>>> print(open('my_file.txt').read())   # compact mmCIF, C-alpha atoms
# COMPACT_ATOMS: atom_id res chain seq x y z
CA GLY A 1 18.10 6.01 16.24
CA ALA A 2 14.98 6.75 18.20
CA VAL A 3 14.32 4.77 21.35
CA VAL A 4 11.12 3.02 22.31
CA SER A 5 10.91 1.52 25.77
CA GLN A 6 8.44 -0.96 27.18
CA HIS A 7 7.69 -1.67 30.80
CA PRO A 8 7.60 -4.14 32.34
CA SER A 9 9.88 -6.50 30.44
CA TRP A 10 8.48 -9.49 32.29
CA VAL A 11 5.25 -9.85 34.21
CA ILE A 12 3.61 -12.81 35.88
CA CYS A 13 0.05 -12.52 37.06
CA LYS A 14 -2.77 -14.66 38.33
CA SER A 15 -5.68 -15.61 36.15
CA GLY A 16 -8.48 -13.06 36.38
CA THR A 17 -6.31 -10.07 37.13
CA SER A 18 -5.51 -7.17 34.81
CA VAL A 19 -2.06 -6.20 33.61
CA LYS A 20 -0.90 -2.91 32.13
CA ILE A 21 2.03 -2.66 29.73
CA GLU A 22 3.53 0.72 28.89
CA CYS A 23 5.17 1.79 25.65
CA ARG A 24 7.12 5.03 25.69
CA SER A 25 8.92 6.92 22.96
CA LEU A 26 11.87 8.36 24.85
CA ASP A 27 13.30 10.93 22.50
CA PHE A 28 10.56 11.68 20.00
CA GLN A 29 6.85 12.25 19.81
CA ALA A 30 4.81 9.44 18.38
CA THR A 31 1.35 10.23 17.09
CA THR A 32 0.91 6.59 16.16
CA MET A 33 1.96 3.45 17.96
CA PHE A 34 1.31 -0.16 17.05
CA TRP A 35 0.81 -3.14 19.34
CA TYR A 36 1.84 -6.62 18.27
CA ARG A 37 1.52 -10.03 19.83
CA GLN A 38 4.02 -12.80 19.29
CA PHE A 39 3.47 -16.41 20.28
CA PRO A 40 6.51 -18.64 20.86
CA LYS A 41 8.41 -19.39 17.69
CA GLN A 42 5.89 -17.47 15.62
CA SER A 43 5.70 -14.18 13.82
CA LEU A 44 4.29 -10.88 15.01
CA MET A 45 0.59 -10.29 14.64
CA LEU A 46 -0.69 -6.75 14.63
CA MET A 47 -3.29 -6.27 17.35
CA ALA A 48 -4.14 -2.61 17.08
CA THR A 49 -3.07 0.81 15.95
CA SER A 50 -2.96 3.41 18.67
CA ASN A 51 -3.45 7.07 17.78
CA GLU A 52 -2.82 9.85 20.26
CA GLY A 53 -6.03 11.41 21.47
CA SER A 54 -8.38 9.03 19.72
CA LYS A 55 -9.67 5.49 19.98
CA ALA A 56 -7.44 2.67 18.90
CA THR A 57 -8.15 0.74 15.73
CA TYR A 58 -8.23 -2.98 16.37
CA GLU A 59 -7.46 -5.72 13.89
CA GLN A 60 -10.08 -8.28 13.06
CA GLY A 61 -10.41 -10.90 15.75
CA VAL A 62 -8.84 -8.82 18.53
CA GLU A 63 -11.22 -8.16 21.42
CA LYS A 64 -11.14 -4.45 22.18
CA ASP A 65 -12.72 -4.98 25.59
CA LYS A 66 -10.06 -7.53 26.43
CA PHE A 67 -7.09 -5.52 25.24
CA LEU A 68 -7.61 -1.91 26.26
CA ILE A 69 -5.35 0.58 24.57
CA ASN A 70 -4.87 4.15 25.71
CA HIS A 71 -2.67 6.69 23.93
CA ALA A 72 -3.06 9.70 26.19
CA SER A 73 0.10 11.53 25.24
CA LEU A 74 2.52 11.79 22.35
CA THR A 75 5.07 9.68 24.20
CA LEU A 76 3.00 7.03 25.94
CA SER A 77 0.64 4.27 24.91
CA THR A 78 -0.61 1.60 27.28
CA LEU A 79 -2.00 -1.86 26.68
CA THR A 80 -4.11 -3.33 29.46
CA VAL A 81 -4.94 -7.02 29.34
CA THR A 82 -8.13 -7.31 31.33
CA SER A 83 -9.20 -10.42 33.23
CA ALA A 84 -6.14 -12.23 31.97
CA HIS A 85 -6.23 -15.95 31.28
CA PRO A 86 -3.40 -18.39 30.54
CA GLU A 87 -4.12 -18.18 26.81
CA ASP A 88 -3.22 -14.48 26.98
CA SER A 89 0.34 -15.44 27.86
CA SER A 90 2.49 -14.07 25.10
CA PHE A 91 5.20 -11.61 24.09
CA TYR A 92 3.75 -8.19 23.44
CA ILE A 93 5.73 -5.71 21.36
CA CYS A 94 4.97 -2.09 20.56
CA SER A 95 6.35 0.11 17.83
CA ALA A 96 6.20 3.83 17.29
CA ARG A 97 6.44 5.97 14.21
CA THR A 98 8.72 8.98 14.27
CA GLY A 99 6.73 11.17 11.95
CA PRO A 100 4.31 11.06 9.04
CA ALA A 101 3.20 7.91 7.29
CA THR A 102 6.63 7.46 5.76
CA GLY A 103 8.40 7.80 9.07
CA GLU A 104 10.52 4.94 10.28
CA LEU A 105 9.14 2.54 12.86
CA PHE A 106 11.06 1.75 16.01
CA PHE A 107 10.26 -1.22 18.20
CA GLY A 108 10.25 -1.63 21.92
CA GLU A 109 12.10 -4.47 23.56
CA GLY A 110 8.92 -6.38 24.25
CA SER A 111 7.02 -7.46 27.34
CA ARG A 112 6.56 -11.10 28.21
CA LEU A 113 3.30 -11.84 29.98
CA THR A 114 2.75 -15.11 31.80
CA VAL A 115 -0.68 -15.76 33.25
CA LEU A 116 -0.84 -18.52 35.84
CA ALA B 1 -3.95 -6.48 0.95
CA GLN B 2 -0.40 -7.66 1.32
CA SER B 3 1.32 -10.82 2.47
CA VAL B 4 4.83 -12.09 3.04
CA THR B 5 6.22 -15.58 2.69
CA GLN B 6 9.58 -16.55 4.08
CA LEU B 7 10.88 -19.81 2.71
CA GLY B 8 12.44 -21.92 5.40
CA SER B 9 11.62 -21.46 9.05
CA HIS B 10 15.15 -22.54 9.98
CA VAL B 11 18.47 -22.01 8.23
CA SER B 12 21.79 -23.44 9.38
CA VAL B 13 25.03 -22.01 8.06
CA SER B 14 28.67 -22.43 8.91
CA GLU B 15 30.61 -19.47 10.22
CA GLY B 16 32.10 -17.64 7.25
CA ALA B 17 29.60 -19.05 4.78
CA LEU B 18 27.00 -17.15 2.78
CA VAL B 19 23.72 -16.36 4.49
CA LEU B 20 20.67 -16.32 2.21
CA LEU B 21 17.20 -15.75 3.58
CA ARG B 22 14.33 -15.80 1.12
CA CYS B 23 11.33 -13.49 1.16
CA ASN B 24 8.51 -13.20 -1.34
CA TYR B 25 5.70 -10.72 -1.03
CA SER B 26 2.41 -9.81 -2.55
CA SER B 27 1.03 -6.31 -2.57
CA SER B 28 -1.68 -4.56 -4.52
CA VAL B 29 0.34 -1.32 -4.54
CA PRO B 30 4.09 -0.61 -4.76
CA PRO B 31 5.44 -1.94 -1.50
CA TYR B 32 7.90 -0.79 1.08
CA LEU B 33 9.92 -3.80 2.23
CA PHE B 34 11.86 -4.38 5.42
CA TRP B 35 14.09 -6.90 7.11
CA TYR B 36 14.22 -7.01 10.90
CA VAL B 37 16.31 -9.08 13.28
CA GLN B 38 15.14 -10.29 16.67
CA TYR B 39 17.38 -11.67 19.39
CA PRO B 40 15.85 -13.84 22.13
CA ASN B 41 13.41 -11.99 24.37
CA GLN B 42 14.04 -8.72 22.62
CA GLY B 43 12.20 -6.43 20.25
CA LEU B 44 12.96 -5.98 16.59
CA GLN B 45 15.86 -4.11 15.09
CA LEU B 46 15.73 -2.80 11.55
CA LEU B 47 18.40 -4.32 9.32
CA LEU B 48 17.47 -2.54 6.11
CA LYS B 49 14.57 -1.27 4.07
CA TYR B 50 13.53 -0.63 0.50
CA THR B 51 11.18 2.24 -0.27
CA THR B 52 12.00 3.62 -3.70
CA GLY B 53 15.07 4.09 -5.87
CA ALA B 54 18.02 1.72 -5.88
CA THR B 55 16.86 -1.87 -5.74
CA LEU B 56 19.96 -3.13 -3.95
CA VAL B 57 19.92 -1.88 -0.41
CA LYS B 58 22.63 -2.23 2.16
CA GLY B 59 21.96 -2.47 5.83
CA ILE B 60 23.69 -2.89 9.12
CA ASN B 61 26.01 -5.73 10.10
CA GLY B 62 26.99 -6.43 6.48
CA PHE B 63 23.54 -7.46 5.28
CA GLU B 64 22.04 -6.45 1.98
CA ALA B 65 18.87 -7.22 0.07
CA GLU B 66 17.70 -6.79 -3.48
CA PHE B 67 14.21 -5.82 -4.50
CA LYS B 68 13.13 -7.72 -7.61
CA LYS B 69 9.74 -6.59 -8.74
CA SER B 70 9.45 -9.20 -11.48
CA GLU B 71 10.01 -11.95 -8.95
CA THR B 72 8.18 -10.20 -6.09
CA SER B 73 11.16 -11.01 -3.95
CA PHE B 74 13.33 -9.28 -1.39
CA HIS B 75 15.95 -11.83 -0.38
CA LEU B 76 18.45 -11.03 2.36
CA THR B 77 22.11 -11.96 2.06
CA LYS B 78 25.36 -11.66 3.92
CA PRO B 79 28.59 -12.89 2.33
CA SER B 80 30.15 -14.27 5.49
CA ALA B 81 28.19 -15.41 8.53
CA HIS B 82 29.33 -14.54 12.01
CA MET B 83 28.32 -16.26 15.22
CA SER B 84 26.55 -13.09 16.29
CA ASP B 85 24.20 -13.42 13.31
CA ALA B 86 22.35 -16.24 15.06
CA ALA B 87 18.87 -14.79 15.56
CA GLU B 88 15.37 -14.69 14.12
CA TYR B 89 14.87 -12.68 10.95
CA PHE B 90 11.59 -11.23 9.77
CA CYS B 91 10.70 -9.85 6.38
CA ALA B 92 7.88 -7.32 6.37
CA VAL B 93 5.87 -5.30 3.87
CA THR B 94 3.78 -2.19 4.07
CA PRO B 95 1.72 -0.70 1.25
CA GLY B 96 3.88 2.23 0.30
CA ALA B 97 3.40 5.22 2.52
CA ALA B 98 0.01 4.10 3.77
CA GLY B 99 0.48 4.15 7.47
CA ASN B 100 3.33 1.76 8.19
CA LYS B 101 0.91 -1.05 8.93
CA LEU B 102 3.48 -3.80 8.68
CA THR B 103 2.67 -7.33 7.66
CA PHE B 104 5.33 -9.79 8.77
CA GLY B 105 6.49 -13.05 7.33
CA GLY B 106 6.67 -16.13 9.50
CA GLY B 107 10.31 -15.58 10.36
CA THR B 108 13.48 -17.54 9.73
CA ARG B 109 15.67 -18.68 12.57
CA VAL B 110 19.36 -18.66 11.68
CA LEU B 111 21.77 -21.02 13.37
CA VAL B 112 25.49 -20.42 12.84
CA LYS B 113 27.78 -23.39 13.28
CA PRO B 114 31.40 -22.85 14.27
>>> encode(input="my_file.txt", output="structure tokens")
Amino acid sequence: GAVVSQHPSWVICKSGTSVKIECRSLDFQATTMFWYRQFPKQSLMLMATSNEGSKATYEQGVEKDKFLINHASLTLSTLTVTSAHPEDSSFYICSARTGPATGELFFGEGSRLTVL
Amino acid sequence: AQSVTQLGSHVSVSEGALVLLRCNYSSSVPPYLFWYVQYPNQGLQLLLKYTTGATLVKGINGFEAEFKKSETSFHLTKPSAHMSDAAEYFCAVTPGAAGNKLTFGGGTRVLVKP
């Protein structure tokens, strides 16, 4: 199957700094990528839908100025957590669609953010 | 709008026993349904999916699920549990072909006892 890779897998940062997480589709072009957040022992919550070449669509309650999403190419979407605080500590997972709306979704391995 | 309910946040089974994970959904349009597995500190791997056609779908690692429209259910089963099946399992729904905007259930953690 298609491969989606996230980097970094683990990141620790100080409160107030910004952190960038990358999501790459390695062997296919992804016009749409999705970003999820997962708290410990909980389910995945969709944060935003990232479309190549246009602004991301954020879910209700997600601060777009806090979680900046850029989808500059068909193989890369980035999530930047700005001015991170301890409550932003979480597991962030991206997924990418291989084709049209019926295309299968493939998930990255996740990125664990810890804000001290 | 759609939603997913997974009954039981934790399930404990003996190795070799039947695994049954329950999932009920609600959707205003014909749904696409999915089961994913997540191992610790990893992303999600697709086990199986139902889109249209045959209501009994077979997936990887010996898992299968049956779509029952009348019961709005999509329960996941495996006849004989293996130690490697210990993981978190998520049921998810998307409204047909409308954009793959998945809604996940709360997850069920499976523990396999030797």
>>> atom_distance(input="my_file.txt", atom1="CA of Thr57 (chain A)", atom2="CA of Arg24 (chain A)")
18.7 Å
>>> interface_residues(input="my_file.txt", of="chain B", to="chain A", cutoff="9 Å", atoms="only C-alpha atoms", output="NGL selection string")
:B and (41-46 or 90 or 96-107 or 109)
>>> atom_distance(input="my_file.txt", atom1="CA of Asn70 (chain A)", atom2="CA of Asn51 (chain A)")
8.6 Å
>>> atom_distance(input="my_file.txt", atom1="CA of Leu111 (chain B)", atom2="CA of Tyr36 (chain A)")
25.1 Å
>>> closest_residue(input="my_file.txt", among="B:Gly53, B:Gly59, B:Pro95, B:Pro79", to="Leu18 (chain B)", atoms="all atoms listed in the file")
B:Pro79
>>> build_atoms(input="my_file.txt", residues="region 82-93 of chain A", atoms="all heavy atoms", output="mmCIF file, in the frame of the given file")
data_model
loop_
_atom_site.group_PDB
_atom_site.id
_atom_site.type_symbol
_atom_site.label_atom_id
_atom_site.label_comp_id
_atom_site.auth_asym_id
_atom_site.auth_seq_id
_atom_site.Cartn_x
_atom_site.Cartn_y
_atom_site.Cartn_z
ATOM 1 N N THR A 82 -7.155 -7.215 30.248
ATOM 2 C CA THR A 82 -8.130 -7.310 31.330
ATOM 3 C C THR A 82 -8.545 -8.756 31.567
ATOM 4 O O THR A 82 -8.617 -9.557 30.627
ATOM 5 C CB THR A 82 -9.372 -6.481 30.997
ATOM 6 O OG1 THR A 82 -9.989 -7.019 29.822
ATOM 7 C CG2 THR A 82 -9.011 -5.022 30.750
ATOM 8 N N SER A 83 -8.786 -9.069 32.837
ATOM 9 C CA SER A 83 -9.200 -10.420 33.230
ATOM 10 C C SER A 83 -8.365 -11.460 32.480
ATOM 11 O O SER A 83 -8.884 -12.282 31.699
ATOM 12 C CB SER A 83 -10.687 -10.616 32.935
ATOM 13 O OG SER A 83 -11.132 -11.855 33.435
ATOM 14 N N ALA A 84 -7.079 -11.387 32.729
ATOM 15 C CA ALA A 84 -6.140 -12.230 31.970
ATOM 16 C C ALA A 84 -6.360 -13.709 32.223
ATOM 17 O O ALA A 84 -6.708 -14.123 33.343
ATOM 18 C CB ALA A 84 -4.713 -11.827 32.324
ATOM 19 N N HIS A 85 -6.150 -14.499 31.194
ATOM 20 C CA HIS A 85 -6.230 -15.950 31.280
ATOM 21 C C HIS A 85 -4.939 -16.542 30.717
ATOM 22 O O HIS A 85 -4.207 -15.859 29.984
ATOM 23 C CB HIS A 85 -7.439 -16.474 30.522
ATOM 24 C CG HIS A 85 -8.733 -16.174 31.204
ATOM 25 N ND1 HIS A 85 -9.457 -15.033 30.956
ATOM 26 C CD2 HIS A 85 -9.429 -16.859 32.155
ATOM 27 C CE1 HIS A 85 -10.541 -15.033 31.719
ATOM 28 N NE2 HIS A 85 -10.546 -16.121 32.453
ATOM 29 N N PRO A 86 -4.654 -17.785 31.028
ATOM 30 C CA PRO A 86 -3.400 -18.390 30.540
ATOM 31 C C PRO A 86 -3.192 -18.265 29.035
ATOM 32 O O PRO A 86 -2.058 -18.109 28.577
ATOM 33 C CB PRO A 86 -3.535 -19.849 30.987
ATOM 34 C CG PRO A 86 -4.338 -19.767 32.240
ATOM 35 C CD PRO A 86 -5.340 -18.673 31.987
ATOM 36 N N GLU A 87 -4.265 -18.291 28.267
ATOM 37 C CA GLU A 87 -4.120 -18.180 26.810
ATOM 38 C C GLU A 87 -3.687 -16.791 26.349
ATOM 39 O O GLU A 87 -3.332 -16.589 25.187
ATOM 40 C CB GLU A 87 -5.408 -18.574 26.085
ATOM 41 C CG GLU A 87 -6.625 -17.771 26.494
ATOM 42 C CD GLU A 87 -7.422 -18.471 27.579
ATOM 43 O OE1 GLU A 87 -6.836 -19.206 28.407
ATOM 44 O OE2 GLU A 87 -8.656 -18.261 27.611
ATOM 45 N N ASP A 88 -3.717 -15.830 27.295
ATOM 46 C CA ASP A 88 -3.220 -14.480 26.980
ATOM 47 C C ASP A 88 -1.712 -14.385 27.158
ATOM 48 O O ASP A 88 -1.107 -13.352 26.804
ATOM 49 C CB ASP A 88 -3.897 -13.437 27.873
ATOM 50 C CG ASP A 88 -5.401 -13.386 27.676
ATOM 51 O OD1 ASP A 88 -5.851 -13.567 26.526
ATOM 52 O OD2 ASP A 88 -6.121 -13.178 28.681
ATOM 53 N N SER A 89 -1.115 -15.426 27.702
ATOM 54 C CA SER A 89 0.340 -15.440 27.860
ATOM 55 C C SER A 89 0.991 -15.309 26.497
ATOM 56 O O SER A 89 0.691 -16.058 25.573
ATOM 57 C CB SER A 89 0.786 -16.729 28.541
ATOM 58 O OG SER A 89 0.218 -16.847 29.824
ATOM 59 N N SER A 90 1.892 -14.342 26.397
ATOM 60 C CA SER A 90 2.490 -14.070 25.100
ATOM 61 C C SER A 90 3.566 -13.012 25.258
ATOM 62 O O SER A 90 3.793 -12.491 26.346
ATOM 63 C CB SER A 90 1.413 -13.593 24.117
ATOM 64 O OG SER A 90 1.904 -13.534 22.796
ATOM 65 N N PHE A 91 4.219 -12.693 24.154
ATOM 66 C CA PHE A 91 5.200 -11.610 24.090
ATOM 67 C C PHE A 91 4.515 -10.465 23.368
ATOM 68 O O PHE A 91 4.053 -10.625 22.235
ATOM 69 C CB PHE A 91 6.433 -12.109 23.330
ATOM 70 C CG PHE A 91 7.664 -11.257 23.487
ATOM 71 C CD1 PHE A 91 8.150 -10.931 24.739
ATOM 72 C CD2 PHE A 91 8.369 -10.811 22.375
ATOM 73 C CE1 PHE A 91 9.303 -10.167 24.891
ATOM 74 C CE2 PHE A 91 9.518 -10.047 22.508
ATOM 75 C CZ PHE A 91 9.982 -9.719 23.766
ATOM 76 N N TYR A 92 4.418 -9.339 24.025
ATOM 77 C CA TYR A 92 3.750 -8.190 23.440
ATOM 78 C C TYR A 92 4.796 -7.140 23.085
ATOM 79 O O TYR A 92 5.627 -6.770 23.913
ATOM 80 C CB TYR A 92 2.722 -7.603 24.413
ATOM 81 C CG TYR A 92 1.569 -8.539 24.663
ATOM 82 C CD1 TYR A 92 1.627 -9.485 25.682
ATOM 83 C CD2 TYR A 92 0.422 -8.495 23.870
ATOM 84 C CE1 TYR A 92 0.576 -10.364 25.899
ATOM 85 C CE2 TYR A 92 -0.632 -9.367 24.089
ATOM 86 C CZ TYR A 92 -0.549 -10.307 25.107
ATOM 87 O OH TYR A 92 -1.584 -11.173 25.308
ATOM 88 N N ILE A 93 4.738 -6.663 21.851
ATOM 89 C CA ILE A 93 5.730 -5.710 21.360
ATOM 90 C C ILE A 93 5.009 -4.477 20.803
ATOM 91 O O ILE A 93 4.010 -4.599 20.093
ATOM 92 C CB ILE A 93 6.594 -6.315 20.233
ATOM 93 C CG1 ILE A 93 7.301 -7.586 20.730
ATOM 94 C CG2 ILE A 93 7.611 -5.319 19.722
ATOM 95 C CD1 ILE A 93 8.079 -8.297 19.632
#
